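Q: I'd like to ask you about the structure that follows.
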Amino acid sequence: MADRPEAARRHDGATLFGEVKRMARTSGAVGGIAARLAGARMFGLRTDRAAHAEDLKVLLGGLKGPLMKVAQFLSTVPDALPAEYAAELAELQANAPPMGRAFVRRRMESELGRDWRSRFMVFEEDAAAAASLGQVHRGTLPDGRQVACKLQYPDMPSTVEADLRQLKLAMAIYHRMDNAIRQGDVYLELAERLREELDYRREAAQMRLYRRMLAGEPAVHVPEPIAGYCTERLLTMTWLDGQGLMRWLADDPPQEARNRVAEALFRAWYVPLYRYGVIHGDPHLGNYQVAGDGGVNLLDFGAIRVFPARFVRGVIDLYEAVRDNDEDRAHAAYAAWGFTDVTREKLEILNLWAKFLYEPLMQDRARRIQESNDTQFGRAVAEQVHAGLQRTGGVKPPREFVLMDRSAIGLGSVFLRLGAELNWYRMFQDLIADFDTDRLAARQAAALAEAGVPTTT
């Protein structure tokens, strides 16, 4: 191993040259702005953090790829980056300019062979949609099926590794300024999941998994990956017609329709979690549509996390402990999640955040997901938690926390946009009423094996 070339020792597909090119474009933004912020904290200098955050958003928004995607994730993880950064990065959308027709033809030939056109009745070389790691083209198979072909942008492995280096630098600088949340495992989790997203064969398997888990949910539609048309850099799936959420909301749909979409999204995310121990960790607006039947289409299956059954039990235990004000059970639940060194004082502080997240699930009545009219209420709770953890020596979130928190916060914001009014308590109780750790583990193992999902960290 010692005499292998450096490029060969890098993660699959990444090259040193590709990483250097990417780092040259991003290091000034990430390292420079973070360093200026560090100087302000350490030496009492005045700086316009909001302006720096806006600069960072503008630069990242012009880049294709994972740094933008990671920024969206971090905007929902408490104190991973300064509040000003999080607020700006939360606005990033995956709308990178599409690659041209020449790239499309080269990529399709490299994935399906020189005769790739003969495998389609129709293939549109202009992209129908663009995302952070790839772009989507519409096509028709010889049997008449309409399909979506997601092509990965060039040199993505190198881009991922370069961006992860910059992310690690920014998080390390911020940690030296503020140790309330120790983010070591947060970085490891984001890095692992992001590298997995590069493998479209894995995503095809995860799509099959979701089709199996949600087969009994008529309001949730999952595309089918097309066998023989999927490679590591090409994902071909059945085309689903639908409308983007914001465009749909612009037509001011009635409350009943808003509630139906919200309930479909709730079940799309939480039936897999509480019955199979699987979470979709990226409730980004571009990852689903409102379908013609009033349900939802799920479109992206790259950011998936599989949890052991004991962890899901811990999620339910924490809910019940918060509901019953049972500190001993809450302490055991945090340990099941993977939190360490949780003193009684820290437990009281963490419970402020848990109560904020679980509160809609504790009232047996129809209500909005947040009844406060204060749009900054969640931020105020986070700041209260942050101040308490700073005072008590900080806490290290486990890896499992990242996508759970991302899903809860991300979905909550979607439910707020929808203005949904549902009995969240009863929907939640329906999911956990017959929970059994052993049965979940058995269902999970069978579903993963049938879908062919590779093992993960």
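Letters A, B, ... go to the chains of the structure tokens in the order shown; residues in each chain start at 1; ligands are counted from 1 in the same order.
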DSSP says helix (DSSP H, G or I) for which residues of stretch 232-307 of chain A? Put them as a PyMOL selection string?

A: chain A and resi 245-250+255-276+285-287

Q: Write the residues you've just listed into a file as a PDB file, in the first residue's frame, and include N, CA and C atoms for each of them.

A:
ATOM      1  N   LEU A 245     -43.528  22.536  -5.790  1.00  0.00           N
ATOM      2  CA  LEU A 245     -44.373  22.973  -4.687  1.00  0.00           C
ATOM      3  C   LEU A 245     -44.647  24.474  -4.727  1.00  0.00           C
ATOM      4  N   MET A 246     -43.605  25.289  -4.961  1.00  0.00           N
ATOM      5  CA  MET A 246     -43.794  26.730  -4.929  1.00  0.00           C
ATOM      6  C   MET A 246     -44.705  27.190  -6.064  1.00  0.00           C
ATOM      7  N   ARG A 247     -44.569  26.585  -7.229  1.00  0.00           N
ATOM      8  CA  ARG A 247     -45.457  26.939  -8.342  1.00  0.00           C
ATOM      9  C   ARG A 247     -46.893  26.524  -8.019  1.00  0.00           C
ATOM     10  N   TRP A 248     -47.035  25.360  -7.394  1.00  0.00           N
ATOM     11  CA  TRP A 248     -48.362  24.876  -7.007  1.00  0.00           C
ATOM     12  C   TRP A 248     -48.997  25.811  -5.974  1.00  0.00           C
ATOM     13  N   LEU A 249     -48.216  26.255  -4.999  1.00  0.00           N
ATOM     14  CA  LEU A 249     -48.741  27.157  -3.977  1.00  0.00           C
ATOM     15  C   LEU A 249     -49.124  28.519  -4.555  1.00  0.00           C
ATOM     16  N   ALA A 250     -48.456  28.907  -5.644  1.00  0.00           N
ATOM     17  CA  ALA A 250     -48.752  30.211  -6.253  1.00  0.00           C
ATOM     18  C   ALA A 250     -50.200  30.288  -6.743  1.00  0.00           C
ATOM     19  N   GLN A 255     -57.369  24.642   1.457  1.00  0.00           N
ATOM     20  CA  GLN A 255     -56.758  24.052   2.639  1.00  0.00           C
ATOM     21  C   GLN A 255     -56.744  22.526   2.581  1.00  0.00           C
ATOM     22  N   GLU A 256     -57.804  21.931   2.069  1.00  0.00           N
ATOM     23  CA  GLU A 256     -57.874  20.474   1.990  1.00  0.00           C
ATOM     24  C   GLU A 256     -56.742  19.912   1.132  1.00  0.00           C
ATOM     25  N   ALA A 257     -56.459  20.577   0.021  1.00  0.00           N
ATOM     26  CA  ALA A 257     -55.375  20.121  -0.860  1.00  0.00           C
ATOM     27  C   ALA A 257     -54.018  20.284  -0.177  1.00  0.00           C
ATOM     28  N   ARG A 258     -53.823  21.387   0.527  1.00  0.00           N
ATOM     29  CA  ARG A 258     -52.572  21.606   1.263  1.00  0.00           C
ATOM     30  C   ARG A 258     -52.374  20.513   2.317  1.00  0.00           C
ATOM     31  N   ASN A 259     -53.441  20.179   3.016  1.00  0.00           N
ATOM     32  CA  ASN A 259     -53.350  19.151   4.042  1.00  0.00           C
ATOM     33  C   ASN A 259     -53.011  17.786   3.451  1.00  0.00           C
ATOM     34  N   ARG A 260     -53.587  17.493   2.274  1.00  0.00           N
ATOM     35  CA  ARG A 260     -53.324  16.198   1.633  1.00  0.00           C
ATOM     36  C   ARG A 260     -51.851  16.083   1.261  1.00  0.00           C
ATOM     37  N   VAL A 261     -51.286  17.137   0.711  1.00  0.00           N
ATOM     38  CA  VAL A 261     -49.862  17.112   0.349  1.00  0.00           C
ATOM     39  C   VAL A 261     -49.005  16.955   1.600  1.00  0.00           C
ATOM     40  N   ALA A 262     -49.328  17.695   2.653  1.00  0.00           N
ATOM     41  CA  ALA A 262     -48.548  17.612   3.889  1.00  0.00           C
ATOM     42  C   ALA A 262     -48.611  16.218   4.497  1.00  0.00           C
ATOM     43  N   GLU A 263     -49.792  15.615   4.500  1.00  0.00           N
ATOM     44  CA  GLU A 263     -49.913  14.258   5.069  1.00  0.00           C
ATOM     45  C   GLU A 263     -49.135  13.247   4.230  1.00  0.00           C
ATOM     46  N   ALA A 264     -49.169  13.406   2.905  1.00  0.00           N
ATOM     47  CA  ALA A 264     -48.407  12.507   2.039  1.00  0.00           C
ATOM     48  C   ALA A 264     -46.913  12.632   2.314  1.00  0.00           C
ATOM     49  N   LEU A 265     -46.422  13.870   2.490  1.00  0.00           N
ATOM     50  CA  LEU A 265     -45.009  14.067   2.793  1.00  0.00           C
ATOM     51  C   LEU A 265     -44.655  13.484   4.161  1.00  0.00           C
ATOM     52  N   PHE A 266     -45.529  13.672   5.141  1.00  0.00           N
ATOM     53  CA  PHE A 266     -45.298  13.120   6.476  1.00  0.00           C
ATOM     54  C   PHE A 266     -45.127  11.606   6.394  1.00  0.00           C
ATOM     55  N   ARG A 267     -46.007  10.957   5.678  1.00  0.00           N
ATOM     56  CA  ARG A 267     -45.928   9.500   5.575  1.00  0.00           C
ATOM     57  C   ARG A 267     -44.764   9.062   4.691  1.00  0.00           C
ATOM     58  N   ALA A 268     -44.437   9.832   3.665  1.00  0.00           N
ATOM     59  CA  ALA A 268     -43.301   9.488   2.809  1.00  0.00           C
ATOM     60  C   ALA A 268     -41.999   9.464   3.593  1.00  0.00           C
ATOM     61  N   TRP A 269     -41.885  10.360   4.579  1.00  0.00           N
ATOM     62  CA  TRP A 269     -40.654  10.418   5.364  1.00  0.00           C
ATOM     63  C   TRP A 269     -40.679   9.474   6.564  1.00  0.00           C
ATOM     64  N   TYR A 270     -41.821   9.346   7.219  1.00  0.00           N
ATOM     65  CA  TYR A 270     -41.809   8.694   8.527  1.00  0.00           C
ATOM     66  C   TYR A 270     -42.336   7.264   8.553  1.00  0.00           C
ATOM     67  N   VAL A 271     -43.076   6.815   7.545  1.00  0.00           N
ATOM     68  CA  VAL A 271     -43.366   5.382   7.447  1.00  0.00           C
ATOM     69  C   VAL A 271     -42.055   4.601   7.301  1.00  0.00           C
ATOM     70  N   PRO A 272     -41.137   4.995   6.405  1.00  0.00           N
ATOM     71  CA  PRO A 272     -39.863   4.283   6.338  1.00  0.00           C
ATOM     72  C   PRO A 272     -39.065   4.312   7.641  1.00  0.00           C
ATOM     73  N   LEU A 273     -39.102   5.429   8.371  1.00  0.00           N
ATOM     74  CA  LEU A 273     -38.309   5.515   9.595  1.00  0.00           C
ATOM     75  C   LEU A 273     -38.856   4.596  10.684  1.00  0.00           C
ATOM     76  N   TYR A 274     -40.135   4.703  10.990  1.00  0.00           N
ATOM     77  CA  TYR A 274     -40.665   3.992  12.145  1.00  0.00           C
ATOM     78  C   TYR A 274     -41.037   2.539  11.852  1.00  0.00           C
ATOM     79  N   ARG A 275     -41.060   2.163  10.572  1.00  0.00           N
ATOM     80  CA  ARG A 275     -41.350   0.764  10.248  1.00  0.00           C
ATOM     81  C   ARG A 275     -40.158   0.015   9.659  1.00  0.00           C
ATOM     82  N   TYR A 276     -39.178   0.782   9.145  1.00  0.00           N
ATOM     83  CA  TYR A 276     -38.010   0.129   8.548  1.00  0.00           C
ATOM     84  C   TYR A 276     -36.681   0.701   9.043  1.00  0.00           C
ATOM     85  N   LEU A 285     -36.846  21.281  -1.514  1.00  0.00           N
ATOM     86  CA  LEU A 285     -38.029  21.516  -2.345  1.00  0.00           C
ATOM     87  C   LEU A 285     -37.912  20.894  -3.731  1.00  0.00           C
ATOM     88  N   GLY A 286     -36.690  20.779  -4.239  1.00  0.00           N
ATOM     89  CA  GLY A 286     -36.519  20.206  -5.569  1.00  0.00           C
ATOM     90  C   GLY A 286     -36.604  18.699  -5.604  1.00  0.00           C
ATOM     91  N   ASN A 287     -36.737  18.051  -4.443  1.00  0.00           N
ATOM     92  CA  ASN A 287     -36.720  16.585  -4.395  1.00  0.00           C
ATOM     93  C   ASN A 287     -38.107  15.961  -4.413  1.00  0.00           C
TER      94      ASN A 287
END

Q: List every residue of stretch 276-343 of chain A that has an atom at most 9 Å from any atom of stretch 183-201 of chain A, and for each one report the closest atom pair and its distance in Å to one decimal, counting only C-alpha atoms, with rows sorted by chain and then by increasing residue number, as a Markdown table.

A:
| residue | atom | partner | partner_atom | distance |
| --- | --- | --- | --- | --- |
| A:Phe301 | CA | A:Glu197 | CA | 8.4 |
| A:Gly302 | CA | A:Glu197 | CA | 4.8 |
| A:Ala303 | CA | A:Arg193 | CA | 6.2 |
| A:Ile304 | CA | A:Arg193 | CA | 7.6 |
| A:Arg305 | CA | A:Arg193 | CA | 8.0 |

Q: Quick one, how far is atom CA of A:Glu217 from atom CA of A:Leu418?

A: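 A separation of 20.4 Å between them.
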
Q: As a JSON list (two decimals) with N, CA and C atoms, in the first residue's frame, please: the residues near A:Val222 (cut-off 9 Å, only C-alpha atoms, same-chain neighbours under 3 positions excluded).

A:
[["chain", "number", "residue", "atom", "x", "y", "z"],
["A", 207, "MET", "N", -33.83, 3.60, -4.43],
["A", 207, "MET", "CA", -35.13, 3.88, -5.04],
["A", 207, "MET", "C", -36.01, 2.63, -4.99],
["A", 208, "ARG", "N", -35.43, 1.46, -5.29],
["A", 208, "ARG", "CA", -36.19, 0.20, -5.18],
["A", 208, "ARG", "C", -36.64, -0.02, -3.74],
["A", 210, "TYR", "N", -37.37, 2.29, -1.50],
["A", 210, "TYR", "CA", -38.49, 3.17, -1.20],
["A", 210, "TYR", "C", -39.77, 2.72, -1.90],
["A", 211, "ARG", "N", -39.64, 2.16, -3.09],
["A", 211, "ARG", "CA", -40.83, 1.62, -3.75],
["A", 211, "ARG", "C", -41.43, 0.49, -2.91],
["A", 214, "LEU", "N", -42.94, 2.01, 0.57],
["A", 214, "LEU", "CA", -44.10, 2.89, 0.41],
["A", 214, "LEU", "C", -45.15, 2.32, -0.54],
["A", 215, "ALA", "N", -45.06, 1.01, -0.79],
["A", 215, "ALA", "CA", -46.00, 0.39, -1.73],
["A", 215, "ALA", "C", -47.44, 0.53, -1.25],
["A", 238, "THR", "N", -38.37, 5.79, -14.40],
["A", 238, "THR", "CA", -39.63, 6.20, -15.02],
["A", 238, "THR", "C", -39.91, 7.67, -14.72],
["A", 240, "LEU", "N", -42.06, 10.85, -13.85],
["A", 240, "LEU", "CA", -43.28, 11.20, -13.10],
["A", 240, "LEU", "C", -43.66, 12.64, -13.41],
["A", 296, "VAL", "N", -47.88, 13.22, -3.74],
["A", 296, "VAL", "CA", -46.54, 13.75, -3.99],
["A", 296, "VAL", "C", -45.70, 12.73, -4.76],
["A", 297, "ASN", "N", -44.79, 13.25, -5.59],
["A", 297, "ASN", "CA", -43.76, 12.46, -6.25],
["A", 297, "ASN", "C", -42.44, 12.65, -5.52],
["A", 298, "LEU", "N", -41.79, 11.57, -5.12],
["A", 298, "LEU", "CA", -40.42, 11.65, -4.60],
["A", 298, "LEU", "C", -39.46, 11.42, -5.75],
["A", 299, "LEU", "N", -38.43, 12.26, -5.85],
["A", 299, "LEU", "CA", -37.59, 12.25, -7.05],
["A", 299, "LEU", "C", -36.12, 11.92, -6.81]]

Q: Which neighbours of stretch 433-444 of chain A fall inside 12 Å, counting only C-alpha atoms, when residues of the same chain fewer than 5 positions from it are skipped, and could you give them as a ChimeraX atom specification?

A: /A:209-210,212-213,271-279,306-317,425-428,449-453
